[in-house]
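Read the structure below first, then the notes.
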Amino acid sequence: MKINEKNLSLFATTPPSDLDGYLNKRGEVNKSWQRRFFVLKGNLLFYFEKKGDKEPIGVIVLEGCTIELAEDGENYCFQIVFHGINNRTYHLCAESQEVMEKWMKALTCAGYEYMKLMVAELQRQLGELDEKNVESEAQASSITPKPPPRRQNPFNRVAPPVPSPTAQTKATHNSPECSSKAEVQAGCPSQQNAVQSTDNDGFFKSIHEELGKSFMQERRKPEEVITTKPTKKESPTLIDL
């Protein structure tokens, strides 16, 4: 693959980057450790002699490799291992456990194969969510919604039926307390009131008749007086001359 070194250098030095910082790198021929400034952009790992250089010393394409802890047991060291015949292994070392874990995680997630697996996993989870949504919608459509309970107005109360006067009279006559005339006179309140009202009506009727007779008598007296007066007019007495 032909690479334009000028464009690659411009891409390496143009921010932003996924991760950058100093790591110690062991050479392939010279096994001594050298301090280099690394810049991770996508699946490309650039390394410079020092921070701020215009051109990188080298670049590592993070495809077809694994990120593993170093086998020699040195502190905070890990390796980028390319599998196959005559493939190189890059030995790197960080300054602390935290920095080492951060670089190992970033380099593991940078490869295309990892991104492909992540996309497949996300698509699978999305499909499961879609199936659950379809099932929940089907269950919701099958269930008939029940209307909320109707609240009654406390002011709309039915008034008790008013008994008619006929019914009250029948109930009074049929009551066991007032079954006989003697009991009515003895102490039944409703019958006593009825007897009293009947006596009062007779008393007022007799007074009305007496007043009417006296009024008629007084009215006839002027007529009798008029009939007793003489019909002829007496002539005046004349004086004889």
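In the structure tokens, chains take the letters A, B, ... in the order shown, each chain's residues start at 1, and ligands count up from 1 in the order shown.
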Helix (DSSP H, G or I) per DSSP on the backbone: members of range 7-60 of chain A, as a ChimeraX atom specification: /A:7-13
Env of Cys109 in chain A: 12 Å cut, atoms = only C-alpha atoms, seq-sep filter 6 positions within chain, self excluded. Answer as a PyMOL selection string. chain A and resi 18-19+40-44+62-63+65-67+102-103+115-118
Please, could you write that set of residues out with C-alpha atoms as a tab-separated table (two decimals), in the first residue's frame?
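What follows is the written file selection04.tsv:
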chain	number	residue	atom	x	y	z
A	18	ASP	CA	-7.98	9.66	20.81
A	19	LEU	CA	-5.09	9.41	23.28
A	40	LEU	CA	-3.41	7.37	18.84
A	41	LYS	CA	-5.79	8.39	16.03
A	42	GLY	CA	-8.31	5.77	14.95
A	43	ASN	CA	-6.48	2.50	14.26
A	44	LEU	CA	-3.13	4.26	13.75
A	62	LEU	CA	-3.53	-1.72	14.85
A	63	GLU	CA	-5.15	-4.45	12.72
A	65	CYS	CA	-3.02	-7.76	16.60
A	66	THR	CA	-3.72	-8.30	20.28
A	67	ILE	CA	-2.79	-6.21	23.30
A	102	LYS	CA	-5.74	3.34	29.96
A	103	TRP	CA	-3.40	2.66	27.00
A	115	MET	CA	-15.43	-2.13	16.11
A	116	LYS	CA	-17.11	-4.72	13.89
A	117	LEU	CA	-17.87	-6.93	16.89
A	118	MET	CA	-19.23	-3.95	18.81
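Here CA of Cys77 in chain A and CA of Tyr112 in chain A stand 24.0 Å from one another.
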To one decimal place, how far is CA of Arg35 in chain A from CA of His91 in chain A in Å?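 According to the coordinates, CA of Arg35 in chain A and CA of His91 in chain A are separated by 12.0 Å.
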Just the residues within 9 Å of Thr13 in chain A, please, counting only C-alpha atoms, with nothing from its chain fewer than 5 positions along; format it as a list in words.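 Contacts, with the query itself left out: Leu8, Val39, Gly52, Asp53, Lys54, Glu55 and Pro56 of chain A.
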Would you pick out the contacts of range 83-90 of chain A at 10 Å or less, using only C-alpha atoms, so that residues sharing its chain but fewer than 2 positions from it are not included, and give the list as JSON, numbers by chain? {"A": [25, 26, 27, 28, 60, 64, 65, 66, 67, 78, 79, 80, 81, 92]}
If you measure from CA of Cys93 in chain A to CA of Asn75 in chain A, what distance in Å do you get, rounded to one decimal?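 Pair CA of Cys93 in chain A / CA of Asn75 in chain A returns 7.6 Å.
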